[in-house]
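Next comes upload35.cif, a file with mmCIF, C-alpha atoms.
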data_start
loop_
_atom_site.label_atom_id
_atom_site.label_comp_id
_atom_site.auth_asym_id
_atom_site.auth_seq_id
_atom_site.Cartn_x
_atom_site.Cartn_y
_atom_site.Cartn_z
CA MET A 250 5.07 -22.22 -11.37
CA PRO A 251 4.80 -23.15 -7.66
CA HIS A 252 5.07 -20.36 -5.11
CA ALA A 253 6.73 -21.57 -1.93
CA ASN A 254 7.52 -19.70 1.26
CA PRO A 255 10.28 -21.60 3.11
CA ALA A 256 9.60 -19.95 6.46
CA PRO A 257 7.11 -21.40 8.94
CA THR A 258 3.75 -19.67 8.87
CA ASN A 259 2.43 -18.42 12.20
CA VAL A 260 -0.57 -16.52 10.83
CA ASN A 261 -3.96 -18.16 11.26
CA ASN A 262 -6.74 -16.11 9.72
CA GLU A 263 -9.34 -18.30 11.41
CA ASP A 264 -8.31 -17.09 14.87
CA PRO A 265 -10.51 -14.47 16.57
CA ILE A 266 -9.14 -10.93 16.64
CA THR A 267 -7.98 -10.20 20.17
CA GLU A 268 -5.50 -7.36 19.58
CA LYS A 269 -6.66 -3.79 19.95
CA LEU A 270 -6.29 -2.04 16.62
CA TYR A 271 -6.04 1.74 16.49
CA VAL A 272 -6.47 4.13 13.59
CA THR A 273 -6.10 7.90 13.51
CA ASP A 274 -9.50 8.53 15.10
CA GLY A 275 -9.19 5.89 17.79
CA LEU A 276 -9.85 2.24 18.57
CA LEU A 277 -11.64 0.10 16.00
CA GLY A 278 -14.54 -1.68 17.66
CA GLN A 279 -14.91 -5.45 17.40
CA ASP A 280 -17.98 -4.89 15.24
CA GLN A 281 -15.89 -2.81 12.83
CA ILE A 282 -13.29 -5.43 11.94
CA SER A 283 -13.01 -8.83 10.34
CA LEU A 284 -10.23 -10.80 8.66
CA LEU A 285 -9.00 -10.66 5.10
CA ARG A 286 -9.53 -13.84 3.09
CA PRO A 287 -6.14 -15.39 2.21
CA SER A 288 -5.58 -17.12 -1.13
CA ASP A 289 -3.02 -19.64 -2.30
CA PRO A 290 -1.30 -18.40 -5.51
CA ASN A 291 -1.43 -21.98 -6.83
CA MET A 292 -5.23 -22.06 -6.86
CA PRO A 293 -6.84 -22.26 -10.34
CA ILE A 294 -6.46 -18.89 -12.05
CA GLU A 295 -10.21 -18.62 -12.70
CA GLU A 296 -10.91 -18.99 -8.98
CA LEU A 297 -8.35 -16.28 -8.18
CA ARG A 298 -9.93 -13.95 -10.73
CA LYS A 299 -13.32 -14.63 -9.21
CA ARG A 300 -12.02 -13.81 -5.73
CA LEU A 301 -10.48 -10.54 -6.93
CA GLU A 302 -13.78 -9.55 -8.51
CA GLU A 303 -15.84 -10.57 -5.46
CA ASP A 304 -13.60 -9.14 -2.75
CA ASN A 305 -11.93 -6.26 -4.68
CA TYR A 306 -8.60 -7.59 -3.33
CA LEU A 307 -6.55 -10.79 -3.54
CA PHE A 308 -4.47 -11.62 -0.45
CA LEU A 309 -1.79 -13.96 -1.78
CA LYS A 310 0.19 -15.94 0.75
CA GLY A 311 3.87 -16.51 -0.09
CA LEU A 312 3.73 -15.29 -3.69
CA LEU A 313 7.32 -14.00 -3.44
CA PRO A 314 10.29 -15.97 -2.07
CA ARG A 315 10.69 -14.95 1.57
CA ASN A 316 14.46 -14.70 1.36
CA ASP A 317 14.28 -12.28 -1.59
CA VAL A 318 11.94 -10.02 0.36
CA LEU A 319 14.11 -10.05 3.48
CA LYS A 320 17.18 -9.30 1.37
CA ALA A 321 15.49 -6.09 0.19
CA ARG A 322 14.44 -5.24 3.76
CA GLU A 323 18.00 -5.66 5.00
CA ALA A 324 19.35 -3.50 2.17
CA TYR A 325 16.82 -0.77 2.95
CA PHE A 326 17.70 -0.50 6.62
CA ASN A 327 21.43 -0.68 5.90
CA PHE A 328 20.86 2.25 3.54
CA LEU A 329 18.78 4.20 6.11
CA SER A 330 20.98 3.43 9.12
CA PRO A 331 23.10 6.63 8.87
CA SER A 332 19.94 8.57 9.81
CA GLY A 333 19.99 7.01 13.30
CA VAL A 334 16.60 5.35 12.91
CA LEU A 335 17.69 1.91 14.16
CA LYS A 336 18.14 0.77 17.73
CA PRO A 337 21.88 0.36 18.44
CA GLY A 338 23.04 -3.25 18.53
CA THR A 339 20.15 -4.62 16.44
CA LYS A 340 20.32 -6.22 13.01
CA PRO A 341 19.25 -4.04 10.06
CA VAL A 342 16.98 -6.79 8.70
CA ASP A 343 14.99 -6.67 11.95
CA GLY A 344 14.26 -2.94 11.47
CA ILE A 345 13.95 -2.11 15.18
CA PHE A 346 13.30 1.57 15.85
CA ASP A 347 15.44 3.45 18.37
CA LEU A 348 12.72 4.40 20.85
CA SER A 349 14.95 7.03 22.44
CA LYS A 350 14.52 9.13 19.28
CA ASP A 351 11.74 11.58 18.41
CA ILE A 352 9.42 9.96 15.84
CA ALA A 353 8.92 13.39 14.25
CA CYS A 354 12.43 13.02 12.82
CA PHE A 355 11.38 9.93 10.86
CA PRO A 356 8.16 10.71 8.95
CA GLY A 357 6.46 8.56 6.34
CA ILE A 358 6.17 9.66 2.73
CA GLY A 359 3.42 9.49 0.10
CA ALA A 360 -0.30 8.65 0.24
CA GLY A 361 -1.45 11.72 2.06
CA SER A 362 1.37 12.15 4.55
CA THR A 363 1.52 15.84 3.58
CA GLY A 364 -0.65 18.23 1.57
CA GLY A 365 0.06 18.16 -2.17
CA ASN A 366 2.73 15.50 -1.68
CA SER A 367 5.15 18.05 -0.23
CA LYS A 368 8.28 17.12 1.72
CA PRO A 369 7.43 15.95 5.25
CA GLY A 370 9.20 16.62 8.53
CA GLY A 371 11.09 19.86 7.98
CA GLU A 372 14.78 20.35 8.76
CA GLN A 373 14.88 17.87 11.64
CA ALA A 374 13.83 15.04 9.33
CA ALA A 375 15.81 16.01 6.23
CA ALA A 376 18.54 13.36 6.52
CA PHE A 377 16.04 10.53 6.96
CA VAL A 378 13.61 11.70 4.26
CA ASP A 379 16.39 12.25 1.72
CA LEU A 380 17.66 8.71 2.23
CA ALA A 381 14.12 7.28 2.11
CA LEU A 382 13.56 9.01 -1.23
CA LYS A 383 16.91 7.93 -2.68
CA ALA A 384 16.17 4.32 -1.73
CA HIS A 385 13.59 4.24 -4.55
CA THR A 386 16.36 4.46 -7.16
CA GLU A 387 18.80 1.94 -5.66
CA ASP A 388 19.30 -1.23 -7.73
CA TRP A 389 18.51 -3.59 -4.83
CA TYR A 390 15.02 -2.08 -4.83
CA ALA A 391 14.25 -0.61 -8.28
CA GLU A 392 15.73 -3.52 -10.22
CA ASP A 393 16.00 -6.58 -7.99
CA PHE A 394 12.79 -6.25 -5.96
CA CYS A 395 10.35 -4.22 -8.04
CA LYS A 396 11.05 -6.26 -11.18
CA HIS A 397 10.85 -9.62 -9.45
CA PRO A 398 9.72 -12.04 -12.17
CA ALA A 399 7.41 -14.00 -9.85
CA LEU A 400 5.25 -10.90 -9.34
CA LYS A 401 5.06 -9.64 -12.91
CA GLU A 402 4.47 -13.13 -14.33
CA PHE A 403 1.63 -13.72 -11.89
CA ILE A 404 -0.05 -10.41 -12.66
CA ALA A 405 0.34 -10.89 -16.42
CA LYS A 406 -1.45 -14.23 -16.12
CA LEU A 407 -4.12 -13.14 -13.64
CA SER A 408 -5.04 -9.96 -15.54
CA GLY A 409 -4.80 -11.49 -19.00
CA TRP A 410 -2.64 -8.56 -20.10
CA GLY A 411 0.24 -10.86 -21.03
CA ASP A 412 3.10 -9.05 -22.77
CA ASP A 413 1.22 -5.75 -22.41
CA THR A 414 1.72 -5.86 -18.61
CA LEU A 415 3.64 -2.73 -17.61
CA LEU A 416 5.19 -2.05 -14.22
CA PHE A 417 5.08 1.66 -13.40
CA ARG A 418 8.49 2.99 -12.43
CA ARG A 419 6.94 5.21 -9.77
CA SER A 420 6.37 3.31 -6.54
CA LEU A 421 5.86 4.14 -2.88
CA LEU A 422 8.41 2.49 -0.59
CA ARG A 423 7.14 3.51 2.82
CA ASN A 424 8.18 2.97 6.38
CA ASN A 425 5.87 3.31 9.34
CA ILE A 426 7.63 4.06 12.62
CA PRO A 427 5.93 2.71 15.77
CA GLY A 428 3.47 5.33 17.02
CA ALA A 429 3.67 7.47 13.88
CA HIS A 430 0.77 8.76 11.80
CA ALA A 431 -1.12 6.03 9.94
CA ILE A 432 -2.15 6.07 6.28
CA GLY A 433 -5.52 7.73 5.74
CA VAL A 434 -8.56 6.47 3.82
CA HIS A 435 -8.19 6.47 0.04
CA TYR A 436 -8.46 4.51 -3.19
CA ASP A 437 -5.65 4.49 -5.74
CA GLN A 438 -7.51 5.72 -8.82
CA ILE A 439 -7.55 9.19 -7.24
CA PHE A 440 -3.84 9.36 -8.04
CA LEU A 441 -4.08 7.69 -11.49
CA ARG A 442 -6.69 9.80 -13.23
CA TYR A 443 -4.59 10.65 -16.30
CA GLY A 444 -5.21 7.23 -17.83
CA GLU A 445 -7.92 4.65 -18.28
CA VAL A 446 -9.01 2.46 -15.38
CA SER A 447 -6.77 -0.48 -16.26
CA ASN A 448 -4.37 -0.73 -13.36
CA LEU A 449 -3.75 -3.03 -10.43
CA THR A 450 -1.81 -2.34 -7.23
CA ALA A 451 0.44 -4.92 -5.60
CA TRP A 452 0.98 -4.06 -1.94
CA CYS A 453 4.09 -5.89 -0.79
CA PRO A 454 5.12 -5.98 2.87
CA LEU A 455 8.91 -6.06 3.15
CA GLY A 456 9.04 -8.10 6.32
CA ASP A 457 6.60 -9.67 8.78
CA ILE A 458 3.91 -7.35 10.14
CA LYS A 459 1.97 -8.23 13.27
CA LEU A 460 -1.76 -7.62 13.37
CA ASN A 461 -1.11 -4.46 15.41
CA GLY A 462 2.01 -3.55 13.40
CA GLY A 463 0.50 -0.96 11.05
CA GLY A 464 -0.45 -3.09 8.05
CA LEU A 465 -2.99 -2.17 5.41
CA ILE A 466 -6.69 -2.58 6.12
CA TYR A 467 -9.37 -2.86 3.43
CA LEU A 468 -12.96 -1.66 3.60
CA GLU A 469 -15.13 -4.65 2.72
CA ASN A 470 -16.98 -4.59 -0.60
CA SER A 471 -15.77 -1.07 -1.25
CA LYS A 472 -15.20 -0.99 -5.02
CA SER A 473 -18.74 0.18 -5.78
CA LEU A 474 -18.46 2.85 -3.09
CA GLY A 475 -15.14 4.04 -4.51
CA GLU A 476 -16.67 4.27 -7.97
CA GLU A 477 -19.62 6.26 -6.60
CA ILE A 478 -17.30 8.67 -4.78
CA GLU A 479 -15.17 9.14 -7.91
CA ALA A 480 -18.23 9.86 -10.04
CA ASP A 481 -19.41 12.39 -7.45
CA PHE A 482 -15.99 14.11 -7.42
CA PHE A 483 -16.17 14.65 -11.17
CA LYS A 484 -19.80 15.79 -11.03
CA ARG A 485 -18.96 18.39 -8.39
CA ALA A 486 -15.86 19.43 -10.34
CA ASN A 487 -18.06 20.04 -13.38
CA ASP A 488 -20.67 21.88 -11.31
CA VAL A 489 -18.10 24.38 -10.00
CA GLY A 490 -16.50 24.84 -13.41
CA LEU A 491 -13.17 23.11 -12.95
CA SER A 492 -11.30 22.36 -16.16
CA ASP A 493 -10.63 18.73 -17.13
CA GLU A 494 -7.04 19.19 -16.00
CA GLU A 495 -8.06 20.60 -12.63
CA ALA A 496 -10.66 17.88 -12.10
CA LYS A 497 -8.09 15.14 -12.63
CA SER A 498 -5.84 16.47 -9.89
CA ALA A 499 -5.84 14.41 -6.69
CA PHE A 500 -5.49 17.72 -4.84
CA ASN A 501 -8.23 19.78 -6.51
CA ASN A 502 -10.49 22.15 -4.62
CA ASN A 503 -13.21 19.51 -4.14
CA MET A 504 -10.82 17.23 -2.28
CA MET A 505 -8.63 17.15 0.81
CA ALA A 506 -5.20 18.71 0.33
CA THR A 507 -3.69 15.25 0.74
CA GLY A 508 -5.90 13.56 -1.86
CA LEU A 509 -7.39 11.36 0.86
CA LEU A 510 -11.07 10.62 1.43
CA SER A 511 -10.75 10.88 5.21
CA GLU A 512 -8.29 10.92 8.09
CA SER A 513 -10.83 9.11 10.25
CA PRO A 514 -11.08 5.42 9.27
CA ALA A 515 -13.30 4.41 12.20
CA ASP A 516 -15.89 7.09 11.42
CA PHE A 517 -15.62 6.48 7.67
CA ALA A 518 -16.46 2.80 8.13
CA LYS A 519 -19.37 3.67 10.40
CA GLN A 520 -20.80 6.09 7.85
CA ALA A 521 -20.33 3.53 5.06
CA ASN A 522 -21.83 0.74 7.19
CA ARG A 523 -18.92 -1.52 6.34
CA ARG A 524 -16.16 -3.25 8.30
CA TRP A 525 -12.41 -2.95 7.96
CA LEU A 526 -10.73 -6.22 6.92
CA VAL A 527 -7.40 -6.76 8.66
CA SER A 528 -4.56 -9.27 8.84
CA ALA A 529 -1.05 -9.96 9.99
CA TYR A 530 1.35 -10.29 7.05
CA GLU A 531 4.52 -12.22 6.34
CA ALA A 532 7.48 -11.47 4.08
CA GLY A 533 6.50 -12.95 0.72
CA ASP A 534 2.81 -12.07 0.98
CA VAL A 535 1.30 -9.74 -1.63
CA VAL A 536 -2.12 -8.08 -1.67
CA LEU A 537 -3.44 -7.14 -5.10
CA HIS A 538 -6.26 -4.63 -5.06
CA ASP A 539 -8.66 -2.92 -7.43
CA PRO A 540 -8.02 0.78 -8.18
CA PHE A 541 -11.31 1.65 -6.44
CA ALA A 542 -10.81 -0.57 -3.39
CA ILE A 543 -10.85 1.70 -0.34
CA HIS A 544 -8.05 1.13 2.14
CA ALA A 545 -6.05 2.71 4.96
CA SER A 546 -3.71 1.44 7.68
CA THR A 547 -3.69 0.97 11.42
CA ILE A 548 -1.22 2.74 13.69
CA ASN A 549 1.92 0.69 14.22
CA TYR A 550 1.92 -0.41 17.85
CA ASP A 551 4.35 -3.31 17.44
CA PRO A 552 5.44 -4.14 21.02
CA GLU A 553 9.01 -4.83 19.93
CA GLY A 554 9.40 -1.56 18.05
CA VAL A 555 9.51 -3.14 14.59
CA ILE A 556 9.31 -0.60 11.76
CA ARG A 557 6.65 -1.51 9.22
CA LEU A 558 8.12 -1.42 5.72
CA ALA A 559 6.07 -2.01 2.56
CA THR A 560 5.80 -0.84 -1.01
CA ASP A 561 3.02 -0.15 -3.50
CA LEU A 562 3.87 -1.45 -6.98
CA ARG A 563 1.42 -0.63 -9.72
CA PHE A 564 0.86 -2.42 -13.01
CA CYS A 565 -1.27 -1.51 -16.01
CA ASP A 566 -2.37 -2.71 -19.43
CA SER A 567 0.01 -0.80 -21.70
CA SER A 568 -2.23 -1.40 -24.74
CA ARG A 569 -4.62 1.17 -23.26
CA ALA A 570 -4.04 4.81 -22.31
CA TYR A 571 -2.28 5.00 -18.94
CA ASP A 572 -1.09 7.70 -16.55
CA GLU A 573 2.40 8.51 -17.82
CA ARG A 574 3.23 10.51 -14.69
CA TRP A 575 3.86 7.12 -13.11
CA CYS A 576 6.68 6.28 -15.53
CA LYS A 577 9.24 8.24 -13.48
CA PHE A 578 10.72 7.57 -10.05
CA TYR A 579 8.80 8.95 -7.09
CA GLN A 580 9.70 12.54 -6.25
CA ILE A 581 8.43 14.98 -3.65
CA GLY A 582 5.97 17.42 -5.24
CA ASP A 583 5.58 15.44 -8.48
CA GLY A 584 1.86 16.19 -8.55
CA VAL A 585 0.71 12.64 -7.85
#
Spell out the structure here as structure tokens.
Amino acid sequence: MPHANPAPTNVNNEDPITEKLYVTDGLLGQDQISLLRPSDPNMPIEELRKRLEEDNYLFLKGLLPRNDVLKAREAYFNFLSPSGVLKPGTKPVDGIFDLSKDIACFPGIGAGSTGGNSKPGGEQAAAFVDLALKAHTEDWYAEDFCKHPALKEFIAKLSGWGDDTLLFRRSLLRNNIPGAHAIGVHYDQIFLRYGEVSNLTAWCPLGDIKLNGGGLIYLENSKSLGEEIEADFFKRANDVGLSDEEAKSAFNNNMMATGLLSESPADFAKQANRRWLVSAYEAGDVVLHDPFAIHASTINYDPEGVIRLATDLRFCDSSRAYDERWCKFYQIGDGV
């Protein structure tokens, strides 16, 4: 079926990158960045499969109806507003951070924000974190957004899994406050080791994200590198005598406490001799990526104080063994 985004598009991925993009270990040099390749969801399915295989990601413009995405964004910030995160007098759908507040009171969750996936922020952040966690189970998100038929139908067709396409219940609905800690370097299979490699992540921005607004960045041609790193993790786990169960843990003794590969994206790219691929994003865009595709995020330096909101939805082929830990809602300390 056609995929139409009714809003005007102001993103031109042919334009040169002029914004300064920062990651945890500093400014990304111009020689370290390039643009993601966008794809139209209405392109022939064989061409889209080819692009996913070649690039290890598929940046789909306007796959989801813009209004449906913005409805979920508005619901999220209405739900989080009692925490005091929003600038007084602004609309919840705009998600404008109250810059008079301490960002430490509004930490991100998941994907290496804390060691062992423990609760971030301490007492000062408890109200915000509790609401951010509870948002995962609200119907406007868990039912209306996560189960959007346009997304599942597209993935079922692209992957060839058909009726065996399973959406994992566990997802990561994450906010990124302007100036807060960015997402570190990782690939998703680290957190999905209790099943076969038959999964696909759909990263969905819930709202427009400027180029310097903290969106995801992808290391070019990184699938083979991710596979090499994973093989090396298991070799070292075997060499030191870890059990199969210990080796599968994203937080085992051979890894960082957060499950990440690195907290230094600029240096990681330099060592790998690869560039980071970047983009602005619009509500309705979706990026599908391979479980071994290495990615991170920039620091959100949106000049208007817009909070970056996005979610990771993961799908698998249910006819094969899959990681059943992902069949429950996200919880702090759930071992993933």
The PyMOL selection byres ((chain A and resi 393-401) around 8) resolved against shown file, as a list in words: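 Selected by the PyMOL selection byres ((chain A and resi 393-401) around 8) here: Leu312, Leu313, Asp317, Val318, Ala321, Asp388, Trp389, Tyr390, Ala391, Glu392, Glu402, Phe403, Ile404, Ala405, Thr414, Leu416 and Leu562 of chain A.
Computed from the coordinates, the CA of Pro331 in chain A to CA of Asn424 in chain A distance equals 15.6 Å.
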All residues 12 Å or closer to Thr339 in chain A, all atoms listed in the file, same chain fewer than 5 positions away omitted, as a PDB file with C-alpha atoms, in the frame of the given file:
ATOM      1  CA  GLU A 323      18.000  -5.660   5.000  1.00  0.00           C
ATOM      2  CA  PHE A 326      17.700  -0.500   6.620  1.00  0.00           C
ATOM      3  CA  ASN A 327      21.430  -0.680   5.900  1.00  0.00           C
ATOM      4  CA  SER A 330      20.980   3.430   9.120  1.00  0.00           C
ATOM      5  CA  VAL A 334      16.600   5.350  12.910  1.00  0.00           C
ATOM      6  CA  GLY A 344      14.260  -2.940  11.470  1.00  0.00           C
ATOM      7  CA  ILE A 345      13.950  -2.110  15.180  1.00  0.00           C
ATOM      8  CA  PHE A 346      13.300   1.570  15.850  1.00  0.00           C
ATOM      9  CA  ASP A 347      15.440   3.450  18.370  1.00  0.00           C
ATOM     10  CA  GLU A 553       9.010  -4.830  19.930  1.00  0.00           C
ATOM     11  CA  GLY A 554       9.400  -1.560  18.050  1.00  0.00           C
ATOM     12  CA  VAL A 555       9.510  -3.140  14.590  1.00  0.00           C
TER      13      VAL A 555
END
Polymer residues at most 8 Å from (7.7, 6.6, -17.0) by all atoms listed in the file, as a list of chain:residue names: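 With a cut-off of 8 Å, the residues come to A:Phe417, A:Arg418, A:Arg419, A:Glu573, A:Arg574, A:Trp575, A:Cys576, A:Lys577, A:Phe578.
Nearest residue to Glu303 in chain A among A:Thr386, A:Ser471, A:Ser528, A:Ser546 is A:Ser471, counting only C-alpha atoms.
You can rank A:Ile426, A:Ile358, A:Ala451, A:Val585 by their closest distance to Pro540 in chain A using all atoms listed in the file, and at the top of that list sits A:Ala451.
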Test item: the PyMOL selection byres ((chain A and resi 278) around 12) resolved as a VMD selection string: chain A and resid 266 to 272 274 to 277 279 to 283 514 to 516 518 to 519 524 to 525
Length of the CA of Met292 in chain A to CA of Leu309 in chain A vector [Å]: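 Spanning CA of Met292 in chain A to CA of Leu309 in chain A is a straight-line distance of 10.2 Å.
A straight line drawn from CA of Arg442 in chain A to CA of Tyr571 in chain A is 8.7 Å long.
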Which residue of A:Leu407, A:Ile581, A:Ala529, A:Ala374 approaches Leu449 in chain A most closely, using all atoms listed in the file: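 Smallest distance to Leu449 in chain A is found for A:Leu407.
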Output check: residues returned by the PyMOL selection byres ((chain A and resi 301) around 12), as an MDAnalysis selection string: chainID A and resid 286:288 294:300 302:309 404 407:408 449:450 470 472 536:540 542
Surrounding residues of Glu531 in chain A excluding itself and chain neighbours under 5 positions, 7 Å, all atoms listed in the file, as an NGL selection string: :A and (456-458)
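Of the residues under consideration (A:Leu284, A:Ala353, A:Ile548, A:Ile543), A:Ile543 shows the shortest atom-to-atom contact distance to Ser473 in chain A when counting only C-alpha atoms.
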Find the axis-aligned box for range 537-544 of chain A, covering all its listed atoms and adding 5 Å on each side, and write its centre and edge lengths in Å to one decimal as lines of an AutoDock Vina configuration file.
center_x = -7.4
center_y = -2.7
center_z = -3.0
size_x = 17.9
size_y = 18.8
size_z = 20.3
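In this comparison, which uses only C-alpha atoms, the residue of A:Leu510, A:Ala384, A:Leu422, A:Leu460 approaching His435 in chain A most closely is A:Leu510.
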